[in-house]
>>> print(open('data.tsv').read())   # TSV, C-alpha atoms
chain	number	residue	atom	x	y	z
A	1	MET	CA	-49.23	41.76	-10.07
A	2	THR	CA	-51.32	43.55	-12.59
A	3	GLU	CA	-50.91	41.20	-15.51
A	4	ARG	CA	-53.80	40.98	-17.87
A	5	PRO	CA	-55.04	37.46	-18.37
A	6	GLY	CA	-54.20	35.71	-21.55
A	7	GLU	CA	-51.04	37.59	-22.38
A	8	ALA	CA	-48.24	35.11	-22.62
A	9	GLU	CA	-45.58	37.78	-22.23
A	10	ASP	CA	-46.94	38.59	-18.80
A	11	LEU	CA	-46.73	35.00	-17.74
A	12	GLU	CA	-43.17	34.88	-18.96
A	13	ASP	CA	-42.37	37.99	-16.94
A	14	LEU	CA	-44.01	36.46	-13.91
A	15	LEU	CA	-41.89	33.34	-14.17
A	16	VAL	CA	-38.72	35.31	-14.80
A	17	SER	CA	-39.43	37.39	-11.69
A	18	PHE	CA	-39.35	34.19	-9.64
A	19	ALA	CA	-36.15	32.96	-11.27
A	20	PRO	CA	-33.66	34.23	-8.63
A	21	ARG	CA	-35.58	32.67	-5.75
A	22	VAL	CA	-36.09	29.37	-7.52
A	23	TYR	CA	-32.42	29.32	-8.51
A	24	GLY	CA	-31.36	30.14	-4.93
A	25	LEU	CA	-33.40	27.30	-3.54
A	26	LEU	CA	-32.07	24.89	-6.14
A	27	PHE	CA	-28.47	25.98	-5.57
A	28	ARG	CA	-28.79	25.21	-1.88
A	29	MET	CA	-30.39	21.89	-2.68
A	30	VAL	CA	-27.95	20.59	-5.28
A	31	GLY	CA	-24.88	22.64	-4.38
A	32	ARG	CA	-23.82	23.34	-7.92
A	33	ARG	CA	-24.33	26.57	-9.75
A	34	ASP	CA	-24.49	25.10	-13.24
A	35	VAL	CA	-26.96	22.43	-12.19
A	36	ALA	CA	-29.08	24.94	-10.28
A	37	GLU	CA	-29.21	27.17	-13.34
A	38	ASP	CA	-30.30	24.30	-15.57
A	39	LEU	CA	-32.88	23.05	-13.12
A	40	MET	CA	-34.26	26.54	-12.66
A	41	GLN	CA	-34.81	26.84	-16.40
A	42	GLU	CA	-36.41	23.42	-16.54
A	43	THR	CA	-38.66	24.39	-13.67
A	44	MET	CA	-39.88	27.47	-15.49
A	45	VAL	CA	-40.47	25.67	-18.76
A	46	ARG	CA	-42.38	22.94	-16.97
A	47	ALA	CA	-44.43	25.54	-15.15
A	48	LEU	CA	-45.33	27.12	-18.46
A	49	ARG	CA	-46.23	23.77	-19.99
A	50	ASN	CA	-48.24	22.60	-17.02
A	51	LEU	CA	-50.04	25.76	-16.17
A	52	ASP	CA	-53.33	23.91	-16.35
A	53	THR	CA	-52.32	21.85	-13.31
A	54	TYR	CA	-52.20	24.98	-11.18
A	55	ARG	CA	-55.21	25.39	-8.97
A	56	PRO	CA	-56.13	28.92	-7.96
A	57	GLU	CA	-56.99	27.86	-4.43
A	58	GLY	CA	-53.27	27.27	-3.93
A	59	LYS	CA	-50.44	29.74	-3.94
A	60	PHE	CA	-48.61	30.26	-7.17
A	61	ARG	CA	-45.26	30.31	-5.42
A	62	ALA	CA	-45.95	27.08	-3.60
A	63	TRP	CA	-46.96	25.46	-6.87
A	64	LEU	CA	-43.84	26.73	-8.61
A	65	PHE	CA	-41.51	25.68	-5.79
A	66	ARG	CA	-43.05	22.26	-5.76
A	67	ILE	CA	-42.02	21.86	-9.39
A	68	ALA	CA	-38.52	23.08	-8.49
A	69	VAL	CA	-38.20	20.67	-5.58
A	70	ASN	CA	-39.33	17.82	-7.80
A	71	GLN	CA	-36.73	18.84	-10.35
A	72	ALA	CA	-34.04	18.68	-7.69
A	73	ARG	CA	-35.27	15.32	-6.44
A	74	ASP	CA	-35.23	13.93	-9.96
A	75	TRP	CA	-31.72	15.23	-10.43
A	76	PHE	CA	-30.60	13.55	-7.22
A	77	ARG	CA	-32.16	10.29	-8.35
A	78	ARG	CA	-30.32	10.49	-11.65
A	79	HIS	CA	-27.03	11.49	-10.07
A	80	ARG	CA	-27.16	9.69	-6.78
A	81	ARG	CA	-23.44	9.06	-6.74
A	82	GLU	CA	-22.51	12.63	-7.29
A	83	ALA	CA	-25.04	14.01	-4.87
A	84	VAL	CA	-23.34	17.07	-3.56
A	85	SER	CA	-22.76	17.31	0.12
A	86	VAL	CA	-21.20	20.73	0.13
A	87	PRO	CA	-21.47	23.26	-2.67
A	88	ASP	CA	-18.46	22.79	-4.88
A	89	GLU	CA	-18.88	26.20	-6.37
A	90	LEU	CA	-17.24	27.90	-3.47
A	91	PRO	CA	-13.88	27.21	-1.90
A	92	ALA	CA	-13.99	26.09	1.70
A	93	SER	CA	-12.73	29.47	2.78
A	94	SER	CA	-15.77	31.22	1.40
A	95	TYR	CA	-18.64	29.42	3.07
A	96	ALA	CA	-19.02	32.50	5.19
A	97	PRO	CA	-19.55	36.10	4.17
A	98	PRO	CA	-16.36	37.71	2.82
A	99	ASP	CA	-15.79	39.78	5.95
A	100	ALA	CA	-16.08	36.79	8.27
A	101	ASP	CA	-13.17	35.94	10.53
A	102	ALA	CA	-11.56	32.52	10.79
A	103	LEU	CA	-13.93	31.33	13.50
A	104	GLU	CA	-16.97	32.37	11.52
A	105	ARG	CA	-15.65	30.66	8.41
A	106	GLU	CA	-15.08	27.49	10.35
A	107	ARG	CA	-18.58	27.65	11.74
A	108	ALA	CA	-20.04	28.30	8.30
A	109	LEU	CA	-18.31	25.21	6.99
A	110	SER	CA	-19.69	23.20	9.90
A	111	VAL	CA	-23.18	24.44	9.15
A	112	GLU	CA	-22.80	23.63	5.49
A	113	GLN	CA	-21.70	20.12	6.34
A	114	ALA	CA	-24.47	19.73	8.88
A	115	MET	CA	-26.98	20.84	6.25
A	116	ALA	CA	-25.66	18.19	3.94
A	117	ARG	CA	-26.12	15.54	6.63
A	118	LEU	CA	-29.75	16.44	7.25
A	119	HIS	CA	-32.40	14.14	5.93
A	120	GLU	CA	-33.31	15.26	2.43
A	121	THR	CA	-36.89	16.16	3.21
A	122	ASP	CA	-35.92	17.96	6.42
A	123	ARG	CA	-33.39	20.01	4.50
A	124	GLU	CA	-35.93	20.84	1.82
A	125	VAL	CA	-38.33	22.30	4.37
A	126	LEU	CA	-35.62	24.46	5.86
A	127	LEU	CA	-34.42	25.65	2.47
A	128	MET	CA	-37.89	26.48	1.29
A	129	ARG	CA	-38.51	28.47	4.45
A	130	TYR	CA	-35.21	30.22	4.46
A	131	TYR	CA	-34.26	30.70	0.83
A	132	GLY	CA	-37.67	30.44	-0.71
A	133	ASP	CA	-39.04	32.86	1.87
A	134	MET	CA	-42.12	30.67	2.22
A	135	THR	CA	-44.30	30.29	5.26
A	136	PHE	CA	-44.56	26.82	6.73
A	137	LYS	CA	-48.16	26.75	5.62
A	138	SER	CA	-47.08	27.38	2.04
A	139	ILE	CA	-44.40	24.73	2.36
A	140	ALA	CA	-47.01	22.25	3.50
A	141	GLN	CA	-48.99	23.15	0.40
A	142	ALA	CA	-45.98	22.83	-1.86
A	143	THR	CA	-44.89	19.48	-0.48
A	144	ASP	CA	-48.42	18.17	-0.08
A	145	GLU	CA	-47.76	17.27	3.53
A	146	PRO	CA	-49.67	18.10	6.69
A	147	ILE	CA	-48.45	21.24	8.41
A	148	GLY	CA	-47.59	19.17	11.49
A	149	THR	CA	-45.22	17.01	9.46
A	150	VAL	CA	-43.57	20.06	7.94
A	151	LEU	CA	-43.09	21.65	11.36
A	152	ALA	CA	-41.68	18.43	12.75
A	153	ARG	CA	-39.16	18.33	9.90
A	154	ALA	CA	-38.20	21.95	10.50
A	155	HIS	CA	-37.91	21.36	14.22
A	156	ARG	CA	-35.59	18.41	13.74
A	157	ALA	CA	-33.40	20.27	11.26
A	158	LEU	CA	-33.22	23.48	13.28
A	159	LYS	CA	-32.25	21.63	16.43
A	160	LYS	CA	-29.38	19.94	14.65
A	161	LEU	CA	-28.13	23.18	13.19
A	162	GLY	CA	-28.69	25.02	16.47
A	163	ASP	CA	-26.34	22.66	18.22
A	164	LEU	CA	-23.55	24.05	16.08
A	165	ILE	CA	-23.99	27.57	17.38
A	166	PRO	CA	-22.75	28.19	20.89
A	167	GLU	CA	-25.35	29.61	23.22
A	168	ASP	CA	-23.27	32.66	24.01
A	169	VAL	CA	-23.48	33.79	20.38
A	170	GLN	CA	-27.04	34.95	20.85
B	1	MET	CA	-52.22	28.21	29.10
B	2	THR	CA	-51.98	24.85	30.76
B	3	GLY	CA	-48.78	22.96	30.18
B	4	CYS	CA	-46.10	23.60	27.60
B	5	PRO	CA	-47.06	24.01	23.95
B	6	ASP	CA	-45.95	21.43	21.44
B	7	ALA	CA	-42.31	21.89	20.45
B	8	THR	CA	-43.28	22.50	16.84
B	9	GLU	CA	-45.26	25.55	17.87
B	10	TRP	CA	-41.99	27.15	18.88
B	11	VAL	CA	-40.85	26.69	15.30
B	12	LEU	CA	-43.73	28.88	14.19
B	13	TYR	CA	-42.97	31.32	16.97
B	14	ALA	CA	-39.27	31.59	16.10
B	15	SER	CA	-40.26	32.03	12.49
B	16	GLY	CA	-42.67	34.85	13.26
B	17	GLU	CA	-45.69	32.93	12.00
B	18	VAL	CA	-47.80	32.88	15.14
B	19	ALA	CA	-50.90	35.03	15.25
B	20	ALA	CA	-50.71	37.98	17.62
B	21	GLY	CA	-53.13	36.60	20.16
B	22	ARG	CA	-51.41	33.28	20.41
B	23	ARG	CA	-48.01	34.93	20.52
B	24	HIS	CA	-49.07	36.89	23.56
B	25	GLU	CA	-50.01	33.65	25.30
B	26	LEU	CA	-46.70	32.09	24.36
B	27	ASP	CA	-44.83	35.19	25.56
B	28	GLU	CA	-46.48	34.83	28.94
B	29	HIS	CA	-45.63	31.16	29.08
B	30	LEU	CA	-42.00	31.89	28.28
B	31	GLN	CA	-41.76	34.16	31.30
B	32	THR	CA	-42.26	31.22	33.60
B	33	CYS	CA	-40.88	28.23	31.70
B	34	PRO	CA	-37.10	27.84	31.41
B	35	ALA	CA	-37.52	24.63	29.42
B	36	CYS	CA	-39.48	26.37	26.68
B	37	GLN	CA	-37.05	29.28	26.75
B	38	ALA	CA	-34.23	26.83	26.11
B	39	GLU	CA	-36.23	25.15	23.36
B	40	LEU	CA	-36.91	28.44	21.66
B	41	ASN	CA	-33.30	29.58	21.92
B	42	SER	CA	-32.13	26.34	20.41
B	43	LEU	CA	-34.43	26.84	17.42
B	44	ARG	CA	-33.28	30.43	17.06
B	45	ARG	CA	-29.71	29.26	16.95
B	46	GLY	CA	-30.77	26.94	14.15
B	47	PHE	CA	-32.03	29.88	12.14
B	48	GLU	CA	-28.93	31.80	13.08
B	49	ALA	CA	-26.76	28.99	11.78
B	50	LEU	CA	-28.27	29.52	8.36
B	51	ASP	CA	-27.22	33.15	8.54
B	52	THR	CA	-23.59	32.13	8.73
B	53	LEU	CA	-23.63	30.67	5.23
B	54	ALA	CA	-22.23	32.50	2.29
B	55	PRO	CA	-24.72	34.15	-0.01
B	56	VAL	CA	-25.95	32.16	-2.95
B	57	PRO	CA	-23.96	33.17	-6.04
B	58	PRO	CA	-26.08	35.63	-7.98
B	59	LEU	CA	-28.05	34.43	-10.94
B	60	ARG	CA	-26.08	35.36	-14.03
B	61	ALA	CA	-27.60	37.78	-16.51
B	62	ASP	CA	-26.93	35.46	-19.42
B	63	VAL	CA	-28.88	32.70	-17.68
B	64	LEU	CA	-31.83	35.02	-17.24
B	65	HIS	CA	-31.54	35.98	-20.88
B	66	ALA	CA	-31.47	32.34	-21.89
B	67	LEU	CA	-34.50	31.69	-19.71
B	68	ARG	CA	-36.45	34.44	-21.44
B	69	ASN	CA	-35.52	33.00	-24.81
B	70	ARG	CA	-36.58	29.51	-23.78
B	71	LEU	CA	-39.90	30.68	-22.43
B	72	ALA	CA	-40.56	32.75	-25.55
B	73	ALA	CA	-39.67	29.78	-27.74
B	74	GLU	CA	-41.96	27.58	-25.69
B	75	VAL	CA	-44.84	30.00	-26.17
B	76	ARG	CA	-44.14	30.23	-29.91
B	77	ALA	CA	-44.03	26.45	-30.19
B	78	THR	CA	-47.28	26.15	-28.33
B	79	HIS	CA	-48.98	28.60	-30.66
B	80	ALA	CA	-47.47	27.00	-33.75
B	81	CYS	CA	-48.53	23.50	-32.77
B	82	PRO	CA	-52.10	23.42	-31.45
B	83	SER	CA	-51.70	19.88	-30.17
B	84	ARG	CA	-49.18	21.15	-27.62
B	85	ARG	CA	-51.55	23.84	-26.47
B	86	ARG	CA	-52.61	22.76	-23.07
B	87	HIS	CA	-53.73	26.10	-21.79
B	88	PRO	CA	-57.25	26.27	-20.46
B	89	VAL	CA	-57.99	28.76	-23.22
B	90	ARG	CA	-58.29	25.78	-25.53
B	91	TRP	CA	-61.01	24.07	-23.62
B	92	LEU	CA	-62.65	27.39	-22.92
B	93	ALA	CA	-63.19	27.58	-26.66
B	94	GLY	CA	-64.64	24.09	-26.53
B	95	ALA	CA	-66.92	25.06	-23.70
B	96	ALA	CA	-68.07	28.07	-25.70
B	97	ALA	CA	-68.91	25.80	-28.63
B	98	VAL	CA	-70.95	23.57	-26.34
B	99	ALA	CA	-72.73	26.59	-24.95
B	100	ALA	CA	-73.55	27.76	-28.45
B	101	ALA	CA	-74.93	24.33	-29.29
B	102	VAL	CA	-77.12	24.43	-26.20
B	103	LEU	CA	-78.44	27.82	-27.23
B	104	VAL	CA	-79.26	26.57	-30.70
B	105	ALA	CA	-81.04	23.58	-29.19
B	106	VAL	CA	-83.05	25.86	-26.97
B	107	LEU	CA	-84.05	28.00	-29.93
B	108	ILE	CA	-85.00	25.00	-32.05
B	109	ASN	CA	-87.17	23.57	-29.31
B	110	LEU	CA	-89.13	26.74	-28.83
B	111	PRO	CA	-92.87	26.40	-29.39
B	112	GLU	CA	-93.88	27.19	-32.92
B	113	SER	CA	-95.92	30.16	-31.87
B	114	PRO	CA	-95.25	33.17	-34.07
B	115	GLU	CA	-93.53	34.99	-31.25
B	116	PRO	CA	-92.01	33.65	-28.04
B	117	THR	CA	-93.81	34.53	-24.87
B	118	TRP	CA	-92.12	36.60	-22.19
B	119	THR	CA	-91.86	33.45	-20.13
B	120	ASP	CA	-89.88	31.83	-22.93
B	121	VAL	CA	-87.66	34.85	-23.25
B	122	ALA	CA	-87.08	35.01	-19.51
B	123	GLN	CA	-86.20	31.34	-19.45
B	124	MET	CA	-83.82	31.77	-22.35
B	125	ASP	CA	-82.26	34.71	-20.56
B	126	GLU	CA	-81.77	32.60	-17.48
B	127	GLU	CA	-80.15	29.87	-19.52
B	128	ILE	CA	-77.90	32.36	-21.23
B	129	VAL	CA	-76.92	33.84	-17.88
B	130	GLU	CA	-76.17	30.38	-16.55
B	131	ILE	CA	-74.05	29.48	-19.55
B	132	THR	CA	-72.21	32.78	-19.41
B	133	ALA	CA	-71.60	32.42	-15.69
B	134	GLY	CA	-70.30	28.92	-16.32
B	135	LEU	CA	-67.88	30.21	-18.89
B	136	GLU	CA	-66.73	32.98	-16.56
B	137	LEU	CA	-66.21	30.47	-13.82
B	138	LEU	CA	-64.16	28.31	-16.12
B	139	GLU	CA	-62.09	31.29	-17.06
B	140	THR	CA	-61.69	32.46	-13.49
B	141	ASP	CA	-60.77	28.99	-12.43
B	142	THR	CA	-57.88	28.77	-14.77
B	143	PHE	CA	-55.76	31.10	-16.77
B	144	ALA	CA	-56.95	34.44	-15.53
B	145	THR	CA	-56.38	33.70	-11.90
B	146	VAL	CA	-52.92	32.38	-12.50
B	147	LEU	CA	-51.81	35.62	-14.00
B	148	ASP	CA	-53.73	37.90	-11.72
B	149	PHE	CA	-52.55	36.17	-8.61
B	150	THR	CA	-52.04	38.10	-5.45
B	151	PRO	CA	-48.97	37.93	-3.27
B	152	GLU	CA	-48.92	35.36	-0.53
B	153	GLU	CA	-50.48	36.05	2.76
B	154	LYS	CA	-48.41	38.21	5.01
B	155	GLU	CA	-44.95	36.84	4.56
B	156	PRO	CA	-42.93	36.50	7.68
B	157	SER	CA	-39.73	37.83	6.24
B	158	GLN	CA	-40.66	40.33	3.60
B	159	ASN	CA	-37.81	42.64	4.45
B	160	ILE	CA	-35.18	40.14	3.62
B	161	PRO	CA	-33.46	40.05	0.26
B	162	ALA	CA	-34.28	37.11	-1.95
B	163	GLY	CA	-32.28	34.05	-1.16
B	164	GLN	CA	-30.92	35.50	2.01
B	165	GLY	CA	-34.01	35.46	4.11
B	166	ARG	CA	-34.08	34.60	7.75
B	167	ALA	CA	-36.88	34.04	10.09
B	168	ASN	CA	-38.43	37.12	11.54
B	169	PRO	CA	-37.12	37.60	14.96
B	170	VAL	CA	-39.74	37.91	17.61
B	171	PRO	CA	-39.95	41.21	19.43
B	172	ALA	CA	-36.90	41.88	21.55
B	173	ALA	CA	-39.00	41.92	24.68
B	174	THR	CA	-39.85	38.29	24.16
B	175	GLN	CA	-36.34	37.06	23.56
B	176	HIS	CA	-34.66	35.16	26.24
B	177	GLY	CA	-31.01	34.49	26.59
>>> encode(input="data.tsv", output="structure tokens")
Amino acid sequence: MTERPGEAEDLEDLLVSFAPRVYGLLFRMVGRRDVAEDLMQETMVRALRNLDTYRPEGKFRAWLFRIAVNQARDWFRRHRREAVSVPDELPASSYAPPDADALERERALSVEQAMARLHETDREVLLMRYYGDMTFKSIAQATDEPIGTVLARAHRALKKLGDLIPEDVQ
Amino acid sequence: MTGCPDATEWVLYASGEVAAGRRHELDEHLQTCPACQAELNSLRRGFEALDTLAPVPPLRADVLHALRNRLAAEVRATHACPSRRRHPVRWLAGAAAVAAAVLVAVLINLPESPEPTWTDVAQMDEEIVEITAGLELLETDTFATVLDFTPEEKEPSQNIPAGQGRANPVPAATQHG
């Protein structure tokens, strides 16, 4: 980034550039497009308002994703009953890429359901790694947890998901 | 390497986040340890499972537009209402005022000789440098760095489109079926 300090427009651009990733993470967390869109916007506004809580020794992305994850957690707390297990945005037949065959679609649905059954914090680690494109070190920073804890969460989640994929697929 | 590495280290390995030197050691270990090969393959299947999911629906243009409007409105509101201004710039101004007061105090307390000695001037210079450096540090520590941030350290999956990333596969030579 080559933004010049002190120019608010640049900060806005910076936040907007992160919008798709933040939205992607939130969509996978809450499973609803409309909610993910709202939470993404809230995340960005909060980031703008709380810029003074950012510490340069940390990564901007980790700081931003931490706000996003907290937004999702708050949403789950407020809507515990309607916590989404599987994204309702997509019909069951489209959990896989459009060109997937029946077997792949079935597997995709299984994975989606398995994701939903993961412990919330385990799922968050996986989603941040996969959809947020964050290193585990950055995730540890974002979640304020020791790297060992983050890796243990990832390990547990990956093993559960891995069981769904037959060994011969590799 | 003596003994098998901790299982969580294979998570880093499967994710492509192990330093080259360590990866070489792990590669060698894999050659002789079926248990760790199985562990690694299981984790890889976990990453692979994520690949089977449908892409996240794209972020709609109107949502992005709305976001821009909200952020712009937020900035306008912040400027219009100083009490909402929480940016470090505000307390930078305060720090500058304090620095100015210190300078004035220094000048007032100078000996009443007709002209300051070079020692006095040098000391004042040092104090000014210290105050200036303090202000620069404050600035560096806050707003400037946020905007002038650098990308993360080498990301393990830079080649993957946003929202569809997967862990970097390890080199083919190290993969075990």
>>> closest_residue(input="data.tsv", among="A:Leu127, A:Val22, A:Leu158, A:Val150", to="chain B", atoms="all atoms listed in the file")
A:Leu158
>>> atom_distance(input="data.tsv", atom1="atom CA of B:Gly46", atom2="atom CA of A:Phe136")
15.7 Å
>>> atom_distance(input="data.tsv", atom1="atom CA of A:Leu64", atom2="atom CA of A:Asp34")
20.0 Å
>>> atom_distance(input="data.tsv", atom1="atom CA of B:Ala14", atom2="atom CA of A:Pro146")
19.5 Å
>>> closest_residue(input="data.tsv", among="B:Asp51, B:Arg45, B:Thr78, B:Asn69", to="chain A", atoms="all atoms listed in the file")
B:Arg45
>>> residues_around(input="data.tsv", residues="A:Lys137", least_positions_apart="2", cutoff="9 Å", atoms="all atoms listed in the file", output="ChimeraX atom specification")
/A:134-135,139-142,146-147,150
